[in-house]
Each structure stands twice: as C-alpha cells, then as structure tokens.
Amino acid sequence: MHLAQRFRDFAVREVHTNSPLYYRRALDIAEDPAVLALLARLPVEKQQPNLVLAAATVNGVNAVPYSEFHTQLIERWEAIATTALSHRTQTNEVGRVATLLPVLAGLPGPLALIEVGASAGLCLYPDRFSYRYGTTVLNPPDGESPVVLPCTVRGPVPVPTALPEVVYRAGVDLNPLDVTDRHSREWLEALVWPGQEDRKTRLRAACEIVAADPPILVTGDLNERITELVRAAPSDSTVVVFHSAVLTYLPPEARERFRTTVRSLPCHWISQEGTGVLPWLSGRLPPRASEAARMVVALDEVASAFADPHGRSLDWFGPA
C-alpha cells in the first residue's frame with residue numbers, strides 16, 4: 001500500500017470518530033511530501049501510523065497546529081526514527097477484555113490464560129476488572145474494580161452473570177513490557193490516542209493491578225514458545241490461548257503455522273483480529289453495516305461477533 005494511502009486509511013477507518021487530532025494529523029501527513037520522504041526511509045513494518053505517531057509523542061513532538069508539528073517532527077526525526085525502530089505497537093488495550101469476556105465466561109473453569117503478543121500482560125486479568133454491558137453490571141467478588149470497562153452490546157450476546165476464575169496467567173511477546181518500568185509505561189501511554197483520557201486512566205489502573213500480581217511473561221516468537229506455555233499450565237484447568245490485534249503483524253505463513261500449532265495443543269483458542277487477518281474466517285462472516293475497523297471474535301475458529309478495536313462495542317451474530 002502506498003505510504004500516503006496508509007495514513008489516509010488510518011484516518012478514515014481507525015481514528016475518524018475516535019481521535020479528531022489524529023484524524024486531522026494523519027490526513028495532513030498524507031499530503032506532506034517532506035514528512036512522507038522521512039517515513040519512507042523506515043522499513044515498511046515500521047511505517048505504521050500508530051507507531052510513528054507514538055514515537056513522535058515520546059520524543060516531545062506534541063504541537064497541535066500541523067505547521068508546528070511538521071517543524072518539530074523534522075527537527076527531531078533521528079530520535080523519532082530510533083524509537084520507531086526499537087519499539088512496537090504494543091497497545092495492550094484493556095478495553096478489549098470486555099469483548100473477550102462473553103466467550104471466556106462460557107468456558108468451564110478454572111481457566112489458565114495464555115496470551116500471545118501479551119505486551120505487558122494487562123489483558124490477562126479479566127477477573128480483576130469491572131464491566132458495564134448496558135444495564136448489566138459485573139464486579140469482582142471484592143467490589144468494583146478501579147478498571148471499569150463499558151461495552152455497548154447488540155444482538156444475543158451471552159453476557160455472563162459472574163466473572164471467570166483464573167488460576168494461571170502467562171504470555172509471550174517479542175519484547176515483554178514491565179509495568180514497573182517508567183519507560184515502558186510511558187510507551188504504553190504514548191500509544192493511547194489524543195482525546196481518549198478514559199483509556200489512559202484505565203491503562204494506569206490496570207498497570208497497578210498487574211504490578212501487584214505479575215503474570216508469567218516470556219520473551220520470544222509466539223510460534224516458538226506457545227507449546228511450552230500450554231504444557232506448563234495446571235493440568236486441572238481449562239487452558240485458553242488468546243490474542244487481540246496480534247496476528248495482523250505476522251506474515252501469512254506465520255499465521256498459518258500458529259493456526260496449525262495451536263489446534264494441535266490441548267487448549268481452546270480465542271482470536272480477536274481484524275476482519276481480513278484470518279482468511280479461513282473471512283468467508284464465513286455476515287455483511288457489516290460500516291467500513292469502520294472491526295475485529296472478529298472467534299472461539300476455536302468459529303466466529304461469533306464483531307468487536308470495536310478498543311472493546312467499546314460488541315455485535316453478536318453467533319448463537320446466544
């Protein structure tokens with residue numbers, strides 16, 4: 001895809017109704033030859049709009065008028081490029097747990113959760129968060145969590161009546177983030193889009209929960225490490241491998257390898273990826289009313305819902 005078009009697509013499909021500043025900024029970048037020339041020096045996988053804009057943020061490029069933003073970005077480009085090359089889009093959006101929970105809660109417990117592309121592991125704590133599905137309120141046994149996840153539901157969503165019991169939390173990432181490390185937290189916050197202070201507040205609260213009870217996070221390629229993590233889970237638990245917006249960053253052959261591996265293991269598999277990421281699901285999806293970015297929630301390769309990329313809504317088309 002042409003670099004300018006990549007930023008236009010980011011503006012229209014992802015941030016248009018979510019971050020007015022990023023919407024305008026992405027469209028301006030798409031029309032800025034000088035900035036596009038700098039971006040073109042990066043490897044293709046590092047030209048992701050979200051990655052570039054977050055790298056700019058952590059390097060102090062935060063002017064609102066685009067003319068000033070342009071100047072700051074040009075002046076600090078070497079630092080921005082260094083950050084982009086050494087970091088990944090490890091958004092770790094805890095809101096996505098709200099769209100995973102109806103599937104997780106339908107499995108027999110206790111659960112052993114294993115996340116691939118875990119980042120800091122924030123999504124490994126579905127039992128520690130509070131949820132608001134319309135008029136349905138779900139809290140942990142000890143009361144409302146500092147992390148509250150509202151989610152608009154449409155269709156026959158099997159909204160749970162209780163949170164699952166989780167006895168094991170593990171994950172793998174090429175570069176696991178430590179929530180007790182200041183630089184890691186700064187990077188996670190930089191990935192939150194401007195104007196979404198509620199996401200940043202939830203992120204900080206989730207980091208405190210994880211810091212108090214850290215998961216097992218291993219470094220490495222998900223295809224190389226997933227088998228050992230599944231084998232290490234408690235034998236009397238239901239093992240669940242899951243991921244959200246992770247396989248999109250893998251080449252098709254690596255996605256297919258992961259599919260083959262995970263289906264051979266004694267576990268359930270919950271995927272939450274973009275509509276075109278897993279082609280074996282794409283042909284079985286109902287039509288969508290909008291071209292806005294959506295993710296497909298599936299259990300063991302059976303799709304059941306479209307989810308907002310940040311977990312704010314869930315459109316259920318599977319059985320209740």
# chains A, B, ... in the order shown; residues from 1 in each chain; ligands from 1

call {"tool": "select_by_dssp", "arguments": {"residues": "region 51-269 of chain A", "states": "helix (DSSP H, G or I)", "output": "PyMOL selection string"}}
result
chain A and resi 51-58+66-75+77-86+94-104+122-124+126-128+182-190+197-212+222-232+247-249+252-263

call {"tool": "residues_around", "arguments": {"residues": "Thr275 (chain A)", "least_positions_apart": "4", "cutoff": "12 Å", "atoms": "only C-alpha atoms", "output": "MDAnalysis selection string"}}
result
chainID A and resid 245 247:248 271 279:288 291:298 303 305:309

call {"tool": "atom_distance", "arguments": {"atom1": "CA of Tyr249 (chain A)", "atom2": "CA of Val94 (chain A)"}}
result
19.1 Å

call {"tool": "closest_atom_pairs", "arguments": {"of": "region 26-105 of chain A", "to": "region 194-213 of chain A", "cutoff": "10 Å", "atoms": "only C-alpha atoms", "output": "Markdown table"}}
result
| residue | atom | partner | partner_atom | distance |
| --- | --- | --- | --- | --- |
| A:Asn62 | CA | A:Pro194 | CA | 9.9 |
| A:Thr91 | CA | A:Leu203 | CA | 9.8 |
| A:Asn92 | CA | A:Leu203 | CA | 8.4 |
| A:Glu93 | CA | A:Leu203 | CA | 7.4 |
| A:Val94 | CA | A:Leu203 | CA | 6.9 |
| A:Gly95 | CA | A:Arg199 | CA | 7.9 |

call {"tool": "closest_residue", "arguments": {"among": "A:Ala190, A:Val172, A:Ala81, A:Leu265", "to": "Thr57 (chain A)", "atoms": "only C-alpha atoms"}}
result
A:Ala190

call {"tool": "residues_around", "arguments": {"residues": "region 220-224 of chain A", "least_positions_apart": "2", "cutoff": "9 Å", "atoms": "only C-alpha atoms", "output": "PDB file with C-alpha atoms, in the first residue's frame"}}
result
ATOM      1  CA  VAL A 116       0.333 -14.372  22.595  1.00  0.00           C
ATOM      2  CA  GLY A 117       1.556 -10.874  21.871  1.00  0.00           C
ATOM      3  CA  GLY A 171       2.089 -14.710  27.916  1.00  0.00           C
ATOM      4  CA  VAL A 172       4.724 -14.408  25.235  1.00  0.00           C
ATOM      5  CA  ASP A 173       5.962 -11.333  23.416  1.00  0.00           C
ATOM      6  CA  LEU A 174       8.992 -10.406  21.355  1.00  0.00           C
ATOM      7  CA  ASN A 175       9.564  -7.629  23.871  1.00  0.00           C
ATOM      8  CA  PRO A 176       7.506  -8.043  27.062  1.00  0.00           C
ATOM      9  CA  VAL A 218       8.401 -14.946  28.371  1.00  0.00           C
ATOM     10  CA  ILE A 226       3.381 -21.320  22.706  1.00  0.00           C
ATOM     11  CA  THR A 227       3.737 -25.090  23.148  1.00  0.00           C
ATOM     12  CA  GLU A 228       5.820 -24.843  26.318  1.00  0.00           C
ATOM     13  CA  ALA A 254       3.480 -17.495  10.253  1.00  0.00           C
ATOM     14  CA  ARG A 255      -0.260 -17.108  10.891  1.00  0.00           C
ATOM     15  CA  ARG A 257       1.865 -22.054  11.319  1.00  0.00           C
ATOM     16  CA  PHE A 258       0.331 -20.674  14.503  1.00  0.00           C
ATOM     17  CA  THR A 261       0.252 -25.438  16.214  1.00  0.00           C
ATOM     18  CA  VAL A 262      -2.475 -24.126  18.484  1.00  0.00           C
TER      19      VAL A 262
END

call {"tool": "select_by_dssp", "arguments": {"residues": "region 179-241 of chain A", "states": "strand (DSSP E)", "output": "VMD selection string"}}
result
chain A and resid 216 to 219 238 to 241

call {"tool": "residues_around", "arguments": {"residues": "Leu149 (chain A)", "least_positions_apart": "2", "cutoff": "9 Å", "atoms": "only C-alpha atoms", "output": "PyMOL selection string"}}
result
chain A and resi 94-98+129-133+147+151+202+311-312

call {"tool": "closest_residue", "arguments": {"among": "A:Leu85, A:Ala120, A:Val61, A:Leu163", "to": "Asp142 (chain A)", "atoms": "only C-alpha atoms"}}
result
A:Leu163

call {"tool": "atom_distance", "arguments": {"atom1": "CA of Val35 (chain A)", "atom2": "CA of Glu14 (chain A)"}}
result
20.7 Å

call {"tool": "closest_residue", "arguments": {"among": "A:Leu73, A:Leu101, A:Ala55, A:Ala170", "to": "Asp32 (chain A)", "atoms": "only C-alpha atoms"}}
result
A:Leu73

call {"tool": "residues_around", "arguments": {"residues": "Leu36 (chain A)", "least_positions_apart": "5", "cutoff": "9 Å", "atoms": "only C-alpha atoms", "output": "MDAnalysis selection string"}}
result
chainID A and resid 3:4 29:31 41

call {"tool": "residues_around", "arguments": {"residues": "Thr83 (chain A)", "least_positions_apart": "2", "cutoff": "12 Å", "atoms": "only C-alpha atoms", "output": "list of chain:residue names"}}
result
A:Leu42, A:Lys46, A:Leu51, A:Val52, A:Leu53, A:Ala54, A:Ala55, A:Ala56, A:Thr57, A:Val58, A:Asn59, A:Arg76, A:Trp77, A:Glu78, A:Ala79, A:Ile80, A:Ala81, A:Leu85, A:Ser86, A:His87, A:Arg88, A:Thr89, A:His183, A:Trp187, A:Ala190

call {"tool": "write_last_selection", "arguments": {"atoms": "N, CA and C atoms", "output": "mmCIF file, in the first residue's frame"}}
result
data_model
loop_
_atom_site.group_PDB
_atom_site.id
_atom_site.type_symbol
_atom_site.label_atom_id
_atom_site.label_comp_id
_atom_site.auth_asym_id
_atom_site.auth_seq_id
_atom_site.Cartn_x
_atom_site.Cartn_y
_atom_site.Cartn_z
ATOM 1 N N LEU A 42 12.032 4.411 6.683
ATOM 2 C CA LEU A 42 11.826 3.340 7.655
ATOM 3 C C LEU A 42 11.450 2.048 6.940
ATOM 4 N N LYS A 46 7.689 -0.603 9.951
ATOM 5 C CA LYS A 46 7.837 0.475 10.927
ATOM 6 C C LYS A 46 7.166 1.772 10.464
ATOM 7 N N LEU A 51 2.438 3.637 15.257
ATOM 8 C CA LEU A 51 3.802 3.537 15.770
ATOM 9 C C LEU A 51 4.545 4.854 15.590
ATOM 10 N N VAL A 52 4.461 5.429 14.412
ATOM 11 C CA VAL A 52 5.167 6.676 14.128
ATOM 12 C C VAL A 52 4.661 7.810 15.017
ATOM 13 N N LEU A 53 3.350 7.916 15.166
ATOM 14 C CA LEU A 53 2.789 8.996 15.978
ATOM 15 C C LEU A 53 3.128 8.819 17.452
ATOM 16 N N ALA A 54 3.152 7.584 17.934
ATOM 17 C CA ALA A 54 3.549 7.344 19.326
ATOM 18 C C ALA A 54 5.023 7.671 19.525
ATOM 19 N N ALA A 55 5.857 7.309 18.550
ATOM 20 C CA ALA A 55 7.283 7.629 18.636
ATOM 21 C C ALA A 55 7.494 9.139 18.660
ATOM 22 N N ALA A 56 6.692 9.856 17.895
ATOM 23 C CA ALA A 56 6.775 11.315 17.919
ATOM 24 C C ALA A 56 6.381 11.852 19.293
ATOM 25 N N THR A 57 5.346 11.283 19.874
ATOM 26 C CA THR A 57 4.862 11.741 21.179
ATOM 27 C C THR A 57 5.924 11.595 22.258
ATOM 28 N N VAL A 58 6.558 10.427 22.356
ATOM 29 C CA VAL A 58 7.545 10.220 23.422
ATOM 30 C C VAL A 58 8.799 11.061 23.211
ATOM 31 N N ASN A 59 8.957 11.606 22.009
ATOM 32 C CA ASN A 59 10.095 12.487 21.755
ATOM 33 C C ASN A 59 9.697 13.960 21.756
ATOM 34 N N ARG A 76 13.308 16.628 15.048
ATOM 35 C CA ARG A 76 13.598 15.518 15.966
ATOM 36 C C ARG A 76 13.507 14.157 15.275
ATOM 37 N N TRP A 77 13.616 14.166 13.966
ATOM 38 C CA TRP A 77 13.386 12.933 13.228
ATOM 39 C C TRP A 77 14.329 11.800 13.626
ATOM 40 N N GLU A 78 15.600 12.078 13.851
ATOM 41 C CA GLU A 78 16.538 10.998 14.173
ATOM 42 C C GLU A 78 16.114 10.273 15.447
ATOM 43 N N ALA A 79 15.696 11.023 16.457
ATOM 44 C CA ALA A 79 15.236 10.398 17.705
ATOM 45 C C ALA A 79 13.943 9.629 17.477
ATOM 46 N N ILE A 80 13.045 10.187 16.680
ATOM 47 C CA ILE A 80 11.774 9.511 16.385
ATOM 48 C C ILE A 80 12.029 8.203 15.653
ATOM 49 N N ALA A 81 12.901 8.240 14.654
ATOM 50 C CA ALA A 81 13.211 7.029 13.894
ATOM 51 C C ALA A 81 13.833 5.970 14.787
ATOM 52 N N LEU A 85 12.183 2.274 15.405
ATOM 53 C CA LEU A 85 12.932 1.062 15.071
ATOM 54 C C LEU A 85 13.091 0.131 16.263
ATOM 55 N N SER A 86 13.081 0.683 17.465
ATOM 56 C CA SER A 86 13.327 -0.132 18.662
ATOM 57 C C SER A 86 12.051 -0.506 19.414
ATOM 58 N N HIS A 87 10.903 0.002 18.966
ATOM 59 C CA HIS A 87 9.648 -0.261 19.662
ATOM 60 C C HIS A 87 8.621 -0.887 18.724
ATOM 61 N N ARG A 88 7.527 -1.350 19.330
ATOM 62 C CA ARG A 88 6.430 -1.959 18.583
ATOM 63 C C ARG A 88 5.108 -1.353 19.053
ATOM 64 N N THR A 89 4.065 -1.576 18.273
ATOM 65 C CA THR A 89 2.746 -1.071 18.663
ATOM 66 C C THR A 89 2.113 -2.021 19.673
ATOM 67 N N HIS A 183 9.843 3.787 31.648
ATOM 68 C CA HIS A 183 9.884 3.948 30.194
ATOM 69 C C HIS A 183 8.838 3.072 29.505
ATOM 70 N N TRP A 187 5.720 4.437 27.164
ATOM 71 C CA TRP A 187 5.441 3.952 25.816
ATOM 72 C C TRP A 187 3.992 3.492 25.695
ATOM 73 N N ALA A 190 1.884 6.504 25.425
ATOM 74 C CA ALA A 190 2.046 7.196 24.145
ATOM 75 C C ALA A 190 1.211 6.553 23.048
#

call {"tool": "closest_residue", "arguments": {"among": "A:Val44, A:Ala84, A:Ala34, A:Leu27", "to": "His70 (chain A)", "atoms": "only C-alpha atoms"}}
result
A:Ala34

call {"tool": "residues_around", "arguments": {"residues": "Val239 (chain A)", "least_positions_apart": "2", "cutoff": "9 Å", "atoms": "only C-alpha atoms", "output": "short mmCIF file (atom, residue, chain, number, x, y, z; two decimals) with C-alpha atoms, in the first residue's frame"}}
result
data_model
loop_
_atom_site.label_atom_id
_atom_site.label_comp_id
_atom_site.auth_asym_id
_atom_site.auth_seq_id
_atom_site.Cartn_x
_atom_site.Cartn_y
_atom_site.Cartn_z
CA PRO A 110 -10.93 -22.65 36.40
CA LEU A 111 -9.13 -21.01 33.49
CA ALA A 112 -5.44 -20.96 32.59
CA LEU A 113 -4.96 -17.94 30.33
CA ILE A 114 -2.11 -17.67 27.84
CA TYR A 168 -2.82 -19.21 35.71
CA VAL A 230 0.42 -24.58 27.23
CA ALA A 233 -0.47 -24.78 32.62
CA PRO A 234 -2.13 -26.57 35.56
CA SER A 235 -3.46 -29.95 34.48
CA SER A 237 -7.55 -26.13 34.40
CA VAL A 241 -4.80 -19.32 24.28
CA PRO A 266 -4.84 -29.28 24.44
CA CYS A 267 -6.40 -25.84 24.68
CA HIS A 268 -9.17 -23.57 23.47
CA TRP A 269 -8.25 -20.77 21.08
#

call {"tool": "closest_residue", "arguments": {"among": "A:Asn50, A:Thr238, A:Thr135, A:Thr180", "to": "Val159 (chain A)", "atoms": "only C-alpha atoms"}}
result
A:Thr135
